[in-house]
$ cat entry.cif   # mmCIF, N, CA, C and O atoms
data_input
#
loop_
_atom_site.label_atom_id
_atom_site.label_comp_id
_atom_site.auth_asym_id
_atom_site.auth_seq_id
_atom_site.Cartn_x
_atom_site.Cartn_y
_atom_site.Cartn_z
N MET A 24 22.43 14.38 12.59
CA MET A 24 21.23 15.18 12.78
C MET A 24 20.12 14.62 11.90
O MET A 24 20.33 14.37 10.72
N LYS A 25 18.95 14.44 12.49
CA LYS A 25 17.82 13.88 11.76
C LYS A 25 17.17 14.95 10.88
O LYS A 25 16.89 16.05 11.34
N ARG A 26 16.94 14.58 9.63
CA ARG A 26 16.33 15.49 8.68
C ARG A 26 14.81 15.44 8.80
O ARG A 26 14.22 14.37 8.92
N LYS A 27 14.16 16.59 8.76
CA LYS A 27 12.71 16.66 8.87
C LYS A 27 12.09 16.02 7.63
O LYS A 27 12.50 16.28 6.50
N SER A 28 11.11 15.16 7.84
CA SER A 28 10.47 14.51 6.70
C SER A 28 9.53 15.50 6.01
O SER A 28 8.96 16.39 6.62
N VAL A 29 9.40 15.32 4.72
CA VAL A 29 8.57 16.19 3.89
C VAL A 29 7.12 15.76 4.05
O VAL A 29 6.81 14.57 3.99
N THR A 30 6.23 16.71 4.23
CA THR A 30 4.81 16.41 4.39
C THR A 30 4.03 16.85 3.15
O THR A 30 4.54 17.59 2.29
N SER A 31 2.78 16.42 3.09
CA SER A 31 1.92 16.82 1.98
C SER A 31 1.68 18.33 2.01
O SER A 31 1.46 18.95 0.96
N ARG A 32 1.75 18.92 3.18
CA ARG A 32 1.59 20.39 3.28
C ARG A 32 2.77 21.10 2.61
O ARG A 32 2.60 22.15 2.00
N ASP A 33 3.97 20.54 2.75
CA ASP A 33 5.15 21.11 2.09
C ASP A 33 4.98 21.06 0.58
O ASP A 33 5.30 22.02 -0.13
N VAL A 34 4.48 19.94 0.10
CA VAL A 34 4.25 19.77 -1.34
C VAL A 34 3.19 20.75 -1.81
O VAL A 34 3.34 21.41 -2.86
N ALA A 35 2.11 20.88 -1.04
CA ALA A 35 1.02 21.80 -1.40
C ALA A 35 1.54 23.23 -1.51
O ALA A 35 1.19 23.95 -2.47
N LYS A 36 2.36 23.62 -0.56
CA LYS A 36 2.90 24.99 -0.56
C LYS A 36 3.75 25.24 -1.81
O LYS A 36 3.59 26.26 -2.48
N LEU A 37 4.63 24.30 -2.12
CA LEU A 37 5.49 24.46 -3.29
C LEU A 37 4.69 24.44 -4.59
O LEU A 37 4.96 25.21 -5.50
N ALA A 38 3.68 23.59 -4.66
CA ALA A 38 2.88 23.47 -5.88
C ALA A 38 1.82 24.57 -6.00
O ALA A 38 1.23 24.76 -7.06
N GLY A 39 1.55 25.27 -4.89
CA GLY A 39 0.55 26.32 -4.92
C GLY A 39 -0.87 25.77 -4.96
O GLY A 39 -1.75 26.35 -5.60
N VAL A 40 -1.08 24.65 -4.27
CA VAL A 40 -2.41 24.02 -4.23
C VAL A 40 -2.75 23.71 -2.77
O VAL A 40 -1.93 23.89 -1.89
N SER A 41 -3.96 23.23 -2.55
CA SER A 41 -4.35 22.85 -1.19
C SER A 41 -3.78 21.48 -0.82
O SER A 41 -3.41 20.70 -1.71
N GLN A 42 -3.73 21.21 0.48
CA GLN A 42 -3.25 19.91 0.94
C GLN A 42 -4.16 18.79 0.44
O GLN A 42 -3.69 17.71 0.10
N SER A 43 -5.46 19.05 0.36
CA SER A 43 -6.37 18.02 -0.13
C SER A 43 -6.14 17.74 -1.62
O SER A 43 -6.33 16.60 -2.07
N ALA A 44 -5.69 18.73 -2.38
CA ALA A 44 -5.36 18.50 -3.79
C ALA A 44 -4.16 17.57 -3.91
O ALA A 44 -4.09 16.73 -4.82
N VAL A 45 -3.22 17.70 -2.98
CA VAL A 45 -2.06 16.80 -2.95
C VAL A 45 -2.54 15.37 -2.67
O VAL A 45 -2.17 14.43 -3.37
N SER A 46 -3.38 15.23 -1.68
CA SER A 46 -3.91 13.92 -1.32
C SER A 46 -4.66 13.29 -2.50
O SER A 46 -4.45 12.12 -2.82
N ARG A 47 -5.51 14.07 -3.15
CA ARG A 47 -6.26 13.55 -4.30
C ARG A 47 -5.34 13.17 -5.45
O ARG A 47 -5.59 12.22 -6.17
N SER A 48 -4.26 13.92 -5.62
CA SER A 48 -3.32 13.64 -6.71
C SER A 48 -2.64 12.29 -6.57
O SER A 48 -2.25 11.68 -7.55
N PHE A 49 -2.52 11.83 -5.33
CA PHE A 49 -1.89 10.53 -5.09
C PHE A 49 -2.90 9.40 -5.00
O PHE A 49 -2.53 8.26 -4.78
N SER A 50 -4.18 9.72 -5.16
CA SER A 50 -5.22 8.70 -5.17
C SER A 50 -5.60 8.44 -6.63
O SER A 50 -6.13 9.34 -7.30
N PRO A 51 -5.35 7.23 -7.13
CA PRO A 51 -5.54 6.94 -8.56
C PRO A 51 -6.94 7.26 -9.10
O PRO A 51 -7.06 7.73 -10.22
N ASP A 52 -7.98 7.03 -8.33
CA ASP A 52 -9.33 7.21 -8.84
C ASP A 52 -9.95 8.57 -8.49
O ASP A 52 -11.10 8.83 -8.82
N ALA A 53 -9.17 9.42 -7.81
CA ALA A 53 -9.72 10.71 -7.39
C ALA A 53 -9.79 11.68 -8.56
O ALA A 53 -8.97 11.63 -9.49
N LYS A 54 -10.79 12.55 -8.50
CA LYS A 54 -10.94 13.57 -9.55
C LYS A 54 -10.07 14.76 -9.21
O LYS A 54 -10.24 15.41 -8.19
N VAL A 55 -9.13 15.02 -10.10
CA VAL A 55 -8.24 16.17 -9.96
C VAL A 55 -7.80 16.57 -11.37
O VAL A 55 -7.56 15.71 -12.22
N ALA A 56 -7.73 17.87 -11.62
CA ALA A 56 -7.33 18.35 -12.94
C ALA A 56 -5.91 17.87 -13.25
O ALA A 56 -5.04 17.84 -12.39
N GLU A 57 -5.69 17.51 -14.51
CA GLU A 57 -4.38 16.99 -14.92
C GLU A 57 -3.28 18.01 -14.67
O GLU A 57 -2.17 17.66 -14.27
N LYS A 58 -3.58 19.29 -14.89
CA LYS A 58 -2.60 20.35 -14.65
C LYS A 58 -2.20 20.38 -13.17
O LYS A 58 -1.02 20.51 -12.83
N THR A 59 -3.19 20.24 -12.29
CA THR A 59 -2.92 20.23 -10.84
C THR A 59 -2.10 19.01 -10.47
O THR A 59 -1.12 19.11 -9.72
N ARG A 60 -2.49 17.84 -11.00
CA ARG A 60 -1.75 16.61 -10.70
C ARG A 60 -0.29 16.73 -11.12
O ARG A 60 0.62 16.34 -10.39
N LYS A 61 -0.04 17.31 -12.30
CA LYS A 61 1.34 17.47 -12.78
C LYS A 61 2.14 18.41 -11.88
O LYS A 61 3.31 18.15 -11.57
N LYS A 62 1.52 19.51 -11.42
CA LYS A 62 2.20 20.43 -10.50
C LYS A 62 2.53 19.74 -9.19
O LYS A 62 3.64 19.90 -8.65
N VAL A 63 1.59 18.98 -8.69
CA VAL A 63 1.80 18.27 -7.43
C VAL A 63 2.92 17.24 -7.56
O VAL A 63 3.81 17.15 -6.71
N MET A 64 2.89 16.46 -8.63
CA MET A 64 3.91 15.43 -8.83
C MET A 64 5.30 16.04 -9.00
O MET A 64 6.29 15.50 -8.51
N ALA A 65 5.37 17.16 -9.70
CA ALA A 65 6.67 17.84 -9.88
C ALA A 65 7.19 18.34 -8.53
O ALA A 65 8.38 18.17 -8.21
N ALA A 66 6.31 18.93 -7.72
CA ALA A 66 6.72 19.41 -6.40
C ALA A 66 7.14 18.24 -5.50
O ALA A 66 8.12 18.33 -4.77
N ALA A 67 6.39 17.16 -5.57
CA ALA A 67 6.70 15.97 -4.75
C ALA A 67 8.07 15.41 -5.13
O ALA A 67 8.87 15.06 -4.25
N ARG A 68 8.36 15.34 -6.43
CA ARG A 68 9.67 14.86 -6.89
C ARG A 68 10.78 15.77 -6.39
O ARG A 68 11.81 15.31 -5.90
N GLU A 69 10.57 17.07 -6.53
CA GLU A 69 11.59 18.04 -6.12
C GLU A 69 11.90 17.94 -4.63
O GLU A 69 13.06 18.04 -4.21
N LEU A 70 10.86 17.73 -3.82
CA LEU A 70 11.05 17.65 -2.37
C LEU A 70 11.40 16.25 -1.87
O LEU A 70 11.76 16.07 -0.71
N GLY A 71 11.25 15.25 -2.73
CA GLY A 71 11.49 13.87 -2.31
C GLY A 71 10.36 13.33 -1.45
O GLY A 71 10.58 12.51 -0.56
N TYR A 72 9.14 13.79 -1.72
CA TYR A 72 7.97 13.37 -0.92
C TYR A 72 7.49 11.99 -1.34
O TYR A 72 7.41 11.68 -2.53
N ARG A 73 7.16 11.19 -0.33
CA ARG A 73 6.52 9.89 -0.56
C ARG A 73 5.33 9.81 0.38
O ARG A 73 5.48 10.04 1.59
N PRO A 74 4.15 9.49 -0.14
CA PRO A 74 2.98 9.39 0.73
C PRO A 74 3.18 8.32 1.81
O PRO A 74 3.82 7.30 1.57
N ASN A 75 2.64 8.57 2.98
CA ASN A 75 2.74 7.65 4.10
C ASN A 75 1.55 6.69 4.05
O ASN A 75 0.42 7.07 4.35
N SER A 76 1.80 5.46 3.64
CA SER A 76 0.72 4.49 3.48
C SER A 76 0.07 4.11 4.81
O SER A 76 -1.12 3.80 4.86
N ILE A 77 0.82 4.16 5.90
CA ILE A 77 0.24 3.85 7.21
C ILE A 77 -0.74 4.95 7.62
O ILE A 77 -1.85 4.67 8.07
N ALA A 78 -0.35 6.20 7.43
CA ALA A 78 -1.25 7.31 7.76
C ALA A 78 -2.51 7.24 6.91
O ALA A 78 -3.63 7.43 7.40
N ARG A 79 -2.34 6.93 5.63
CA ARG A 79 -3.50 6.84 4.74
C ARG A 79 -4.43 5.72 5.19
O ARG A 79 -5.65 5.86 5.18
N SER A 80 -3.87 4.59 5.60
CA SER A 80 -4.72 3.47 6.03
C SER A 80 -5.49 3.80 7.31
O SER A 80 -6.61 3.33 7.50
N LEU A 81 -4.91 4.64 8.17
CA LEU A 81 -5.63 5.06 9.37
C LEU A 81 -6.82 5.96 9.02
O LEU A 81 -7.89 5.85 9.60
N ILE A 82 -6.62 6.83 8.05
CA ILE A 82 -7.68 7.75 7.65
C ILE A 82 -8.78 7.03 6.87
O ILE A 82 -9.97 7.23 7.10
N THR A 83 -8.38 6.17 5.94
CA THR A 83 -9.36 5.50 5.07
C THR A 83 -9.94 4.24 5.71
O THR A 83 -10.90 3.68 5.21
N ARG A 84 -9.31 3.79 6.80
CA ARG A 84 -9.69 2.54 7.48
C ARG A 84 -9.58 1.34 6.54
O ARG A 84 -10.36 0.39 6.61
N SER A 85 -8.61 1.42 5.65
CA SER A 85 -8.36 0.33 4.71
C SER A 85 -6.86 0.27 4.43
O SER A 85 -6.27 1.24 3.96
N SER A 86 -6.23 -0.87 4.72
CA SER A 86 -4.79 -1.00 4.51
C SER A 86 -4.47 -1.56 3.13
O SER A 86 -3.32 -1.56 2.72
N ARG A 87 -5.47 -2.05 2.43
CA ARG A 87 -5.27 -2.70 1.13
C ARG A 87 -4.20 -3.79 1.25
O ARG A 87 -3.31 -3.91 0.42
N THR A 88 -4.32 -4.56 2.32
CA THR A 88 -3.39 -5.66 2.59
C THR A 88 -4.20 -6.92 2.87
O THR A 88 -5.18 -6.88 3.60
N ILE A 89 -3.77 -8.01 2.26
CA ILE A 89 -4.39 -9.31 2.51
C ILE A 89 -3.30 -10.26 2.97
O ILE A 89 -2.23 -10.33 2.36
N ALA A 90 -3.56 -10.96 4.05
CA ALA A 90 -2.59 -11.92 4.58
C ALA A 90 -3.21 -13.30 4.59
O ALA A 90 -4.36 -13.48 4.96
N VAL A 91 -2.41 -14.27 4.16
CA VAL A 91 -2.84 -15.67 4.18
C VAL A 91 -1.82 -16.43 5.02
O VAL A 91 -0.62 -16.31 4.82
N VAL A 92 -2.32 -17.18 5.97
CA VAL A 92 -1.46 -17.99 6.84
C VAL A 92 -1.94 -19.43 6.72
O VAL A 92 -3.12 -19.72 6.85
N THR A 93 -1.00 -20.32 6.45
CA THR A 93 -1.35 -21.73 6.34
C THR A 93 -0.27 -22.58 6.99
O THR A 93 0.85 -22.12 7.22
N TYR A 94 -0.63 -23.81 7.26
CA TYR A 94 0.30 -24.72 7.92
C TYR A 94 1.09 -25.54 6.90
O TYR A 94 2.21 -25.95 7.16
N SER A 95 0.51 -25.79 5.75
CA SER A 95 1.15 -26.70 4.81
C SER A 95 0.87 -26.31 3.37
O SER A 95 -0.17 -25.74 3.05
N LEU A 96 1.82 -26.65 2.52
CA LEU A 96 1.64 -26.50 1.07
C LEU A 96 1.76 -27.86 0.38
O LEU A 96 2.06 -27.92 -0.81
N GLU A 97 1.52 -28.91 1.13
CA GLU A 97 1.67 -30.25 0.57
C GLU A 97 0.68 -30.49 -0.57
O GLU A 97 0.98 -31.21 -1.51
N ASN A 98 -0.48 -29.91 -0.48
CA ASN A 98 -1.46 -30.04 -1.55
C ASN A 98 -1.07 -29.04 -2.65
O ASN A 98 -1.04 -27.84 -2.43
N PRO A 99 -0.76 -29.51 -3.87
CA PRO A 99 -0.33 -28.60 -4.95
C PRO A 99 -1.37 -27.54 -5.30
O PRO A 99 -1.04 -26.48 -5.81
N PHE A 100 -2.61 -27.81 -5.00
CA PHE A 100 -3.68 -26.85 -5.26
C PHE A 100 -3.42 -25.53 -4.51
O PHE A 100 -3.65 -24.45 -5.04
N TYR A 101 -2.91 -25.62 -3.29
CA TYR A 101 -2.66 -24.42 -2.48
C TYR A 101 -1.66 -23.48 -3.15
O TYR A 101 -1.86 -22.28 -3.21
N SER A 102 -0.56 -24.05 -3.63
CA SER A 102 0.47 -23.19 -4.23
C SER A 102 -0.03 -22.55 -5.52
O SER A 102 0.28 -21.39 -5.80
N VAL A 103 -0.82 -23.27 -6.30
CA VAL A 103 -1.38 -22.70 -7.53
C VAL A 103 -2.32 -21.54 -7.19
O VAL A 103 -2.24 -20.46 -7.79
N ILE A 104 -3.19 -21.75 -6.23
CA ILE A 104 -4.14 -20.71 -5.83
C ILE A 104 -3.41 -19.50 -5.25
O ILE A 104 -3.74 -18.35 -5.57
N LEU A 105 -2.40 -19.73 -4.43
CA LEU A 105 -1.65 -18.62 -3.84
C LEU A 105 -0.93 -17.80 -4.91
O LEU A 105 -0.89 -16.57 -4.83
N GLU A 106 -0.38 -18.46 -5.90
CA GLU A 106 0.30 -17.74 -6.98
C GLU A 106 -0.69 -16.89 -7.76
O GLU A 106 -0.45 -15.72 -8.04
N LYS A 107 -1.85 -17.46 -8.10
CA LYS A 107 -2.86 -16.71 -8.84
C LYS A 107 -3.40 -15.55 -8.01
O LYS A 107 -3.59 -14.44 -8.52
N ALA A 108 -3.62 -15.78 -6.74
CA ALA A 108 -4.11 -14.72 -5.85
C ALA A 108 -3.08 -13.59 -5.74
O ALA A 108 -3.43 -12.40 -5.81
N SER A 109 -1.82 -13.96 -5.61
CA SER A 109 -0.76 -12.97 -5.51
C SER A 109 -0.71 -12.08 -6.75
O SER A 109 -0.65 -10.86 -6.66
N ARG A 110 -0.76 -12.68 -7.91
CA ARG A 110 -0.73 -11.91 -9.16
C ARG A 110 -1.95 -10.99 -9.28
O ARG A 110 -1.83 -9.83 -9.66
N TYR A 111 -3.12 -11.53 -8.94
CA TYR A 111 -4.35 -10.74 -9.03
C TYR A 111 -4.28 -9.53 -8.10
O TYR A 111 -4.55 -8.40 -8.52
N PHE A 112 -3.91 -9.74 -6.84
CA PHE A 112 -3.91 -8.65 -5.88
C PHE A 112 -2.82 -7.62 -6.19
O PHE A 112 -3.01 -6.42 -5.96
N GLN A 113 -1.69 -8.05 -6.73
CA GLN A 113 -0.66 -7.10 -7.14
C GLN A 113 -1.19 -6.19 -8.24
O GLN A 113 -0.95 -4.98 -8.23
N GLN A 114 -1.92 -6.75 -9.19
CA GLN A 114 -2.51 -5.93 -10.27
C GLN A 114 -3.52 -4.94 -9.72
O GLN A 114 -3.72 -3.87 -10.29
N GLN A 115 -4.17 -5.28 -8.62
CA GLN A 115 -5.16 -4.40 -8.00
C GLN A 115 -4.52 -3.37 -7.06
O GLN A 115 -5.23 -2.54 -6.49
N GLY A 116 -3.21 -3.44 -6.88
CA GLY A 116 -2.53 -2.51 -5.97
C GLY A 116 -2.68 -2.88 -4.51
O GLY A 116 -2.53 -2.04 -3.62
N THR A 117 -2.97 -4.14 -4.24
CA THR A 117 -3.14 -4.62 -2.88
C THR A 117 -1.91 -5.42 -2.47
O THR A 117 -1.37 -6.18 -3.26
N ILE A 118 -1.47 -5.24 -1.25
CA ILE A 118 -0.33 -5.98 -0.73
C ILE A 118 -0.81 -7.37 -0.34
O ILE A 118 -1.79 -7.51 0.38
N PHE A 119 -0.12 -8.37 -0.82
CA PHE A 119 -0.49 -9.76 -0.54
C PHE A 119 0.64 -10.41 0.26
O PHE A 119 1.77 -10.51 -0.22
N CYS A 120 0.35 -10.80 1.49
CA CYS A 120 1.34 -11.43 2.36
C CYS A 120 0.99 -12.90 2.55
O CYS A 120 -0.18 -13.24 2.69
N PHE A 121 2.00 -13.70 2.60
CA PHE A 121 1.80 -15.13 2.80
C PHE A 121 2.77 -15.62 3.85
O PHE A 121 3.95 -15.26 3.83
N SER A 122 2.29 -16.45 4.75
CA SER A 122 3.15 -17.01 5.78
C SER A 122 2.86 -18.49 5.94
O SER A 122 1.71 -18.92 5.95
N LEU A 123 3.91 -19.26 6.03
CA LEU A 123 3.81 -20.70 6.22
C LEU A 123 4.25 -21.01 7.65
O LEU A 123 5.38 -20.72 8.04
N LEU A 124 3.35 -21.53 8.44
CA LEU A 124 3.65 -21.85 9.84
C LEU A 124 3.97 -23.33 9.96
O LEU A 124 3.22 -24.18 9.49
N ARG A 125 5.04 -23.63 10.61
CA ARG A 125 5.45 -25.01 10.84
C ARG A 125 5.76 -25.22 12.31
O ARG A 125 6.28 -24.33 12.98
N HIS A 126 5.46 -26.39 12.78
CA HIS A 126 5.83 -26.81 14.13
C HIS A 126 5.41 -25.81 15.21
O HIS A 126 6.23 -25.35 15.99
N ILE A 127 4.17 -25.48 15.20
CA ILE A 127 3.66 -24.58 16.23
C ILE A 127 3.34 -25.38 17.46
O ILE A 127 2.57 -26.34 17.41
N ALA A 128 3.94 -25.00 18.55
CA ALA A 128 3.68 -25.70 19.81
C ALA A 128 2.38 -25.15 20.42
O ALA A 128 2.24 -23.95 20.59
N VAL A 129 1.48 -26.05 20.70
CA VAL A 129 0.21 -25.66 21.32
C VAL A 129 0.25 -26.16 22.76
O VAL A 129 0.45 -27.34 23.00
N SER A 130 0.10 -25.22 23.68
CA SER A 130 0.15 -25.63 25.08
C SER A 130 -1.17 -26.23 25.50
O SER A 130 -2.23 -25.76 25.10
N PRO A 131 -1.11 -27.32 26.29
CA PRO A 131 -2.35 -27.95 26.74
C PRO A 131 -3.09 -27.06 27.71
O PRO A 131 -2.48 -26.30 28.45
N ARG A 132 -4.39 -27.18 27.73
CA ARG A 132 -5.20 -26.34 28.64
C ARG A 132 -5.40 -27.03 29.94
O ARG A 132 -5.52 -28.11 30.15
#
$ encode --input "entry.cif" --output "structure tokens"
Amino acid sequence: MKRKSVTSRDVAKLAGVSQSAVSRSFSPDAKVAEKTRKKVMAAARELGYRPNSIARSLITRSSRTIAVVTYSLENPFYSVILEKASRYFQQQGTIFCFSLLRHIAVSPR
């Protein structure tokens, strides 16, 4: 039997706050009273709540994801830059994806 997933409304109800207070509590730069944030986090832990990053990206229109696709890493400069970029974006809380494409068949027109 599939278990119902916990929503931010469930957390809000348990914490005794509004759903928007729950949302703000999970946004690092949002203004929310520390007492409220602590109540929300305690309720979220108790219920096993995890924010849905896909839903958030649909609402904010920002996925905080950067993807780099390249054909080759033969130039050592590329790997150095990719490593530095990866570290920087991780510190910023941004997902950094990298893909190396090899042997792509291009059909003639």
$ residues_around --input "entry.cif" --residues "region 34-44 of chain A" --least-positions-apart "5" --cutoff "6 Å" --atoms "only C-alpha atoms" --output "list in words"
Lys62, Val63, Ala66 and Ala67 of chain A
$ select_by_dssp --input "entry.cif" --residues "chain A" --states "strand (DSSP E)" --output "PyMOL selection string"
chain A and resi 88-93+118-123
$ closest_residue --input "entry.cif" --among "A:Asn98, A:Gly116, A:Ser109, A:Val29" --to "Gly71 (chain A)" --atoms "only N, CA, C and O atoms"
A:Val29
$ select_by_dssp --input "entry.cif" --residues "region 45-103 of chain A" --states "helix (DSSP H, G or I)" --output "NGL selection string"
:A and (45-48 or 57-70 or 76-83 or 99-103)
$ resolve_selection --input "entry.cif" --expression "the PyMOL selection byres ((chain A and resi 84-88) around 7)" --output "list in words"
Ser76, Ile77, Ala78, Arg79, Ser80, Leu81, Ile82, Thr83, Ile89, Ala90, Phe112, Gly116, Thr117, Ile118, Phe119 and Cys120 of chain A
$ residues_around --input "entry.cif" --residues "Leu123 (chain A)" --least-positions-apart "2" --cutoff "4.5 Å" --atoms "all atoms listed in the file" --output "mmCIF file with N, CA, C and O atoms, keeping the file's coordinate frame"
data_model
loop_
_atom_site.group_PDB
_atom_site.id
_atom_site.type_symbol
_atom_site.label_atom_id
_atom_site.label_comp_id
_atom_site.auth_asym_id
_atom_site.auth_seq_id
_atom_site.Cartn_x
_atom_site.Cartn_y
_atom_site.Cartn_z
ATOM 1 N N THR A 93 -1.000 -20.320 6.450
ATOM 2 C CA THR A 93 -1.350 -21.730 6.340
ATOM 3 C C THR A 93 -0.270 -22.580 6.990
ATOM 4 O O THR A 93 0.850 -22.120 7.220
ATOM 5 N N PHE A 121 2.000 -13.700 2.600
ATOM 6 C CA PHE A 121 1.800 -15.130 2.800
ATOM 7 C C PHE A 121 2.770 -15.620 3.850
ATOM 8 O O PHE A 121 3.950 -15.260 3.830
ATOM 9 N N ARG A 125 5.040 -23.630 10.610
ATOM 10 C CA ARG A 125 5.450 -25.010 10.840
ATOM 11 C C ARG A 125 5.760 -25.220 12.310
ATOM 12 O O ARG A 125 6.280 -24.330 12.980
#
$ atom_distance --input "entry.cif" --atom1 "CA of Val45 (chain A)" --atom2 "CA of Asp33 (chain A)"
9.8 Å
$ atom_distance --input "entry.cif" --atom1 "atom C of Ser48 (chain A)" --atom2 "CA of Arg60 (chain A)"
6.0 Å
